[in-house]
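Shown next: final_33.txt, containing compact mmCIF, C-alpha atoms.
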# COMPACT_ATOMS: atom_id res chain seq x y z
CA MET A 1 10.23 -28.75 25.36
CA GLU A 2 11.86 -31.92 26.71
CA GLN A 3 9.58 -34.75 27.82
CA ASP A 4 10.26 -34.53 31.56
CA GLY A 5 10.46 -30.75 31.36
CA LYS A 6 6.86 -30.35 30.22
CA TYR A 7 5.59 -32.38 33.19
CA GLU A 8 7.50 -30.17 35.60
CA VAL A 9 6.13 -27.07 33.89
CA LEU A 10 2.56 -28.39 34.09
CA ALA A 11 2.98 -29.51 37.71
CA ASN A 12 4.25 -26.06 38.68
CA ALA A 13 1.29 -24.43 36.93
CA TYR A 14 -1.18 -26.80 38.59
CA ARG A 15 0.18 -25.87 42.03
CA ASN A 16 -0.93 -22.27 41.45
CA PRO A 17 -4.72 -21.91 41.91
CA THR A 18 -4.94 -18.92 39.58
CA LYS A 19 -2.99 -20.61 36.79
CA PHE A 20 -5.03 -23.78 37.10
CA SER A 21 -8.25 -21.74 37.02
CA ILE A 22 -7.06 -20.06 33.80
CA ILE A 23 -6.34 -23.48 32.28
CA MET A 24 -9.80 -24.74 33.28
CA LEU A 25 -11.50 -21.67 31.82
CA LEU A 26 -9.73 -22.01 28.50
CA ALA A 27 -10.44 -25.75 28.37
CA GLU A 28 -14.13 -24.82 28.38
CA GLN A 29 -14.19 -21.53 26.48
CA ASP A 30 -11.52 -22.25 23.83
CA LYS A 31 -10.18 -18.69 23.82
CA MET A 32 -10.60 -15.65 26.04
CA THR A 33 -9.12 -12.23 26.67
CA VAL A 34 -7.69 -11.35 30.07
CA THR A 35 -10.66 -9.02 30.56
CA GLN A 36 -13.06 -11.94 30.02
CA MET A 37 -11.06 -14.16 32.39
CA ALA A 38 -11.21 -11.47 35.08
CA GLU A 39 -14.97 -12.02 35.37
CA TYR A 40 -14.30 -15.46 36.87
CA VAL A 41 -10.80 -15.43 38.39
CA SER A 42 -10.64 -13.51 41.67
CA VAL A 43 -7.27 -11.77 41.42
CA SER A 44 -6.26 -8.26 40.40
CA ARG A 45 -6.06 -7.51 36.69
CA SER A 46 -2.29 -6.94 36.91
CA ASN A 47 -1.75 -10.32 38.60
CA LEU A 48 -3.94 -12.00 36.02
CA TYR A 49 -1.89 -10.52 33.18
CA HIS A 50 1.26 -11.70 34.97
CA PHE A 51 0.04 -15.29 35.30
CA VAL A 52 -1.21 -15.40 31.71
CA SER A 53 2.18 -14.15 30.50
CA GLN A 54 3.93 -16.87 32.50
CA LEU A 55 1.66 -19.55 31.01
CA VAL A 56 2.48 -18.28 27.51
CA GLU A 57 6.18 -18.27 28.34
CA ASP A 58 5.91 -21.87 29.57
CA ARG A 59 4.06 -22.77 26.33
CA ILE A 60 1.01 -23.95 28.25
CA LEU A 61 -0.90 -21.22 26.43
CA ASN A 62 -0.42 -20.30 22.79
CA GLU A 63 0.78 -16.90 21.73
CA PRO A 64 -2.30 -14.64 21.73
CA GLU A 65 -4.44 -14.14 18.67
CA VAL A 66 -4.48 -10.39 18.09
CA VAL A 67 -7.78 -8.95 16.85
CA PRO A 68 -7.63 -5.26 15.82
CA LYS A 69 -10.53 -3.05 16.89
CA LYS A 70 -11.22 0.58 16.02
CA ASN A 71 -9.11 2.17 18.76
CA TYR A 72 -7.43 -0.84 20.35
CA VAL A 73 -6.57 -4.51 19.92
CA GLU A 74 -7.91 -7.56 21.74
CA LYS A 75 -5.67 -10.49 22.57
CA PHE A 76 -7.32 -13.89 22.76
CA TYR A 77 -5.49 -16.67 24.60
CA SER A 78 -5.97 -20.42 24.10
CA LEU A 79 -4.51 -23.67 25.43
CA ASN A 80 -1.60 -25.39 23.73
CA GLU A 81 -3.65 -28.56 23.20
CA GLU A 82 -0.72 -30.53 21.78
CA LEU A 83 1.10 -30.18 25.10
CA PHE A 84 -1.78 -31.76 27.02
CA LYS A 85 -2.41 -34.48 24.44
CA SER A 86 1.21 -35.63 24.63
CA THR A 87 1.13 -36.43 28.37
CA ASP A 88 0.62 -39.92 29.83
CA TYR A 89 -0.12 -41.48 33.22
CA ASP A 90 3.19 -43.29 33.70
CA ARG A 91 5.23 -40.13 33.28
CA TRP A 92 2.91 -38.25 35.62
CA THR A 93 3.33 -40.98 38.25
CA GLY A 94 7.10 -40.63 38.07
CA ILE A 95 6.90 -36.86 38.44
CA LEU A 96 4.54 -37.09 41.42
CA LYS A 97 6.82 -39.57 43.18
CA SER A 98 9.61 -37.03 43.09
CA LYS A 99 7.54 -34.26 44.70
CA SER A 100 7.83 -33.22 48.33
CA LEU A 101 4.88 -33.48 50.69
CA GLU A 102 4.45 -29.70 50.59
CA GLU A 103 4.36 -29.76 46.79
CA ILE A 104 1.74 -32.52 46.83
CA ARG A 105 -0.42 -30.51 49.25
CA GLY A 106 -0.19 -27.46 47.01
CA LEU A 107 -0.91 -29.43 43.86
CA LEU A 108 -4.03 -31.17 45.18
CA SER A 109 -5.52 -28.11 46.89
CA SER A 110 -4.90 -25.93 43.81
CA VAL A 111 -6.52 -28.40 41.41
CA LEU A 112 -9.57 -28.82 43.63
CA MET A 113 -9.97 -25.05 43.99
CA GLY A 114 -9.90 -24.80 40.20
CA TYR A 115 -12.62 -27.43 39.85
CA SER A 116 -14.62 -25.68 42.57
CA MET A 117 -14.49 -22.45 40.56
CA MET A 118 -15.84 -24.21 37.47
CA LEU A 119 -18.70 -25.81 39.41
CA SER A 120 -19.58 -22.51 41.10
CA MET A 121 -19.54 -20.75 37.74
CA THR A 122 -21.91 -23.34 36.26
CA ALA A 123 -24.21 -23.19 39.30
CA ASN A 124 -24.37 -19.39 39.01
CA ARG A 125 -25.22 -19.58 35.31
CA ILE A 126 -28.01 -22.06 36.00
CA ALA A 127 -29.40 -20.00 38.86
CA HIS A 128 -29.63 -16.94 36.61
CA SER A 129 -30.69 -18.71 33.41
CA SER A 130 -33.59 -17.42 31.32
CA ASP A 131 -36.82 -19.40 30.96
CA SER A 132 -35.74 -20.64 27.52
CA GLU A 133 -32.38 -21.74 28.91
CA ALA A 134 -34.08 -23.44 31.86
CA ALA A 135 -36.40 -25.23 29.43
CA SER A 136 -33.35 -26.50 27.53
CA LEU A 137 -31.83 -27.67 30.81
CA LYS A 138 -35.04 -29.49 31.70
CA ASP A 139 -35.08 -31.18 28.30
CA TRP A 140 -31.46 -32.23 28.80
CA LEU A 141 -32.24 -33.67 32.23
CA ILE A 142 -35.06 -35.89 30.98
CA THR A 143 -33.57 -36.99 27.64
CA LYS A 144 -33.41 -40.77 27.74
CA ASP A 145 -30.11 -41.14 25.89
CA MET A 146 -28.36 -38.33 27.77
CA PRO A 147 -29.56 -38.52 31.37
CA TRP A 148 -28.42 -36.39 34.25
CA CYS A 149 -26.00 -38.59 36.12
CA THR A 150 -24.41 -37.78 39.44
CA THR A 151 -23.22 -40.03 42.21
CA TYR A 152 -21.36 -39.92 45.48
CA SER A 153 -19.78 -43.00 46.99
CA LEU A 154 -17.33 -43.95 49.68
CA LEU A 155 -14.95 -46.58 48.29
CA SER A 156 -12.35 -48.70 49.94
CA ARG A 157 -8.83 -48.57 48.50
CA LYS A 158 -9.43 -52.01 46.97
CA SER A 159 -12.65 -50.85 45.28
CA THR A 160 -10.93 -47.71 44.01
CA GLU A 161 -8.11 -49.77 42.50
CA THR A 162 -10.72 -51.95 40.78
CA ILE A 163 -12.57 -48.98 39.26
CA ALA A 164 -9.57 -46.83 38.34
CA PRO A 165 -8.61 -48.83 35.19
CA ALA A 166 -12.15 -48.37 33.82
CA VAL A 167 -11.90 -44.62 34.40
CA ARG A 168 -8.57 -44.55 32.59
CA LYS A 169 -10.10 -46.40 29.64
CA LEU A 170 -12.89 -43.83 29.59
CA ASP A 171 -10.29 -41.06 29.54
CA GLU A 172 -8.48 -42.76 26.64
CA ALA A 173 -11.78 -43.05 24.74
CA LEU A 174 -12.46 -39.35 25.31
CA GLU A 175 -8.98 -38.47 24.05
CA ALA A 176 -9.62 -40.49 20.90
CA THR A 177 -12.97 -38.80 20.25
CA PRO A 178 -12.70 -36.17 17.49
CA SER A 179 -13.29 -32.57 18.55
CA ASP A 180 -16.90 -31.58 18.02
CA GLN A 181 -17.63 -28.03 16.91
CA GLU A 182 -21.33 -27.89 17.79
CA ALA A 183 -22.56 -25.08 20.02
CA LYS A 184 -21.19 -25.08 23.55
CA SER A 185 -24.73 -25.11 24.93
CA HIS A 186 -25.01 -28.66 23.59
CA PHE A 187 -21.95 -29.86 25.46
CA SER A 188 -21.94 -31.85 28.69
CA ARG A 189 -19.24 -31.58 31.33
CA LEU A 190 -17.82 -34.84 32.64
CA LEU A 191 -15.96 -34.58 35.92
CA VAL A 192 -14.65 -37.72 37.64
CA ILE A 193 -12.47 -37.23 40.72
CA PHE A 194 -11.22 -39.74 43.28
CA LEU A 195 -10.82 -37.81 46.55
CA PRO A 196 -9.22 -38.95 49.80
CA PHE A 197 -11.75 -39.27 52.61
CA LEU A 198 -10.97 -36.71 55.29
CA GLY A 199 -12.59 -38.01 58.44
CA PRO A 200 -12.06 -37.07 62.10
CA GLY A 201 -8.96 -39.23 62.20
CA GLY A 202 -7.41 -37.78 59.05
CA ILE A 203 -7.10 -39.34 55.61
CA ALA A 204 -8.46 -42.88 55.57
CA PRO A 205 -5.98 -45.55 54.37
Taking this structure as input, can you express it in the form of structure tokens?
Amino acid sequence: MEQDGKYEVLANAYRNPTKFSIIMLLAEQDKMTVTQMAEYVSVSRSNLYHFVSQLVEDRILNEPEVVPKKNYVEKFYSLNEELFKSTDYDRWTGILKSKSLEEIRGLLSSVLMGYSMMLSMTANRIAHSSDSEAASLKDWLITKDMPWCTTYSLLSRKSTETIAPAVRKLDEALEATPSDQEAKSHFSRLLVIFLPFLGPGGIAP
């Protein structure tokens, strides 16, 4: 896939809420069948198969891993991690500059809906966790070296521009961190999003 072509392919996928939700699920779960995805993505099974097939065709997802069962086969899908690792901010900026206002609206709303799905899924798991799971969550919350950390702030454009380079450095450090294969229950989810402030007068400058 050509350099600029992969950004267009990713941008088109991100503008579709279902496709972005599939990408988010597989970023967390490593590999899933369409049946497993259907538990979290609110579209018909036929539409879900259609979107997954498109993501495979666009090489955003790998060809499925086929696992034979007694009377059927299961197909497990995973992200093409090399595609995501080979992207960079400058190229993304150029792609975004070329997009129409309608495309930008679709891209932002789709991405945020995907993140919303992940947060809702986590909240639901916590709400229905067992006592042993809740005890592990409590231990995680009060561990000195791994504290619960959440914040909400309203930042001026100048403050945002000051902080953004530090966030990018954090992202680069995360990219350089080797993949850890410990149990998923030991993982933490880091989500940092700069959102426009939508007040009564519209988006603040």
Distance table requested - region 100-163 of chain A against region 11-22 of chain A, cut-off 7 Å, only C-alpha atoms: one row per qualifying residue with the closest atom pair and its distance in Å to one decimal, ordered by chain and rising residue number, as a tab-separated table.
residue	atom	partner	partner_atom	distance
A:Gly106	CA	A:Arg15	CA	5.2
A:Leu107	CA	A:Arg15	CA	4.1
A:Ser110	CA	A:Pro17	CA	4.5
A:Val111	CA	A:Tyr14	CA	6.2
A:Met113	CA	A:Pro17	CA	6.5
A:Gly114	CA	A:Ser21	CA	4.7
- Task: Determine, counting all atoms listed in the file, which protein, DNA and RNA residues have an atom within 10 Å of an atom of Glu28 (chain A); residues of the same chain fewer than 2 positions away are not included. Present the result as a PyMOL selection string.
- Result: chain A and resi 23-26+30-31+118+184+187+189
- Message: So, with only C-alpha atoms as the atoms that count, which of A:Glu102, A:Asp90, A:Glu63, A:Asp58 lies closest to Glu8 (chain A)?
- Response: A:Asp58
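Of the residues under consideration (A:Thr122, A:Asn47, A:Ser116, A:Ser53), A:Thr122 shows the shortest atom-to-atom contact distance to Ser188 (chain A) when counting only C-alpha atoms.
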- Message: Using all atoms listed in the file - which residues lie no farther than 7 Å from the point (-14.6, -36.8, 29.2) in the file's frame? Write them as a PyMOL selection string.
- Response: chain A and resi 171+174+190
- When you draw a straight line from CA of Ser100 (chain A) to CA of Val56 (chain A), how long is it in Å? 26.2 Å
Using all atoms listed in the file, what table do you get, as a Markdown table, when you list each residue of region 118-154 of chain A with an atom no more than 12 Å from region 33-40 of chain A, its nearest pair of atoms, and their distance in Å rounded to one decimal, rows by chain then rising number?
| residue | atom | partner | partner_atom | distance |
| --- | --- | --- | --- | --- |
| A:Met118 | CA | A:Tyr40 | CA | 8.9 |
| A:Leu119 | CA | A:Tyr40 | CA | 11.5 |
| A:Ser120 | CA | A:Tyr40 | CA | 9.8 |
| A:Met121 | CA | A:Tyr40 | CA | 7.5 |
| A:Thr122 | CA | A:Tyr40 | CA | 11.0 |
| A:Asn124 | CA | A:Tyr40 | CA | 11.0 |
| A:Arg125 | CA | A:Tyr40 | CA | 11.8 |
- Residue neighbourhood Lys85 (chain A), 12 Å, only C-alpha atoms, exclusion window fewer than 5 positions, as a ChimeraX atom specification: /A:6,60,79-80,171-172,174-176
Within 8 Å of Tyr7 (chain A), counting all atoms listed in the file, which residues show up once you throw out same-chain ones fewer than 5 positions away? Write them as a PDB file with C-alpha atoms, in the coordinates of the input, please.
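Okay, this is what ended up in selection_14.pdb:
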ATOM      1  CA  THR A  87       1.130 -36.430  28.370  1.00  0.00           C
ATOM      2  CA  ARG A  91       5.230 -40.130  33.280  1.00  0.00           C
ATOM      3  CA  TRP A  92       2.910 -38.250  35.620  1.00  0.00           C
ATOM      4  CA  ILE A  95       6.900 -36.860  38.440  1.00  0.00           C
TER       5      ILE A  95
END
- Message: Restricting the calculation to all atoms listed in the file: of A:Asp145, A:Ser78, A:Glu57, A:Val9, which residue gets closest to Gln29 (chain A)?
- Response: A:Ser78
- Query: When you draw a straight line from CA of Arg168 (chain A) to CA of Arg105 (chain A), how long is it in Å?
  - Reply: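 Going from CA of Arg168 (chain A) over to CA of Arg105 (chain A) covers 23.3 Å.
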- Out of A:Phe194, A:Leu48, A:Ala27, A:Tyr89, which residue has the shortest atom-to-atom distance to Leu112 (chain A) when counting only C-alpha atoms?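 Nearest candidate to Leu112 (chain A) out of A:Phe194, A:Leu48, A:Ala27, A:Tyr89: A:Phe194.
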- Query: So which one's closest to Met32 (chain A), A:Val66, A:Leu141, A:Cys149, A:Leu195? Using all atoms listed in the file, please.
  - Reply: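 Comparing A:Val66, A:Leu141, A:Cys149, A:Leu195 against Met32 (chain A), the winner is A:Val66.
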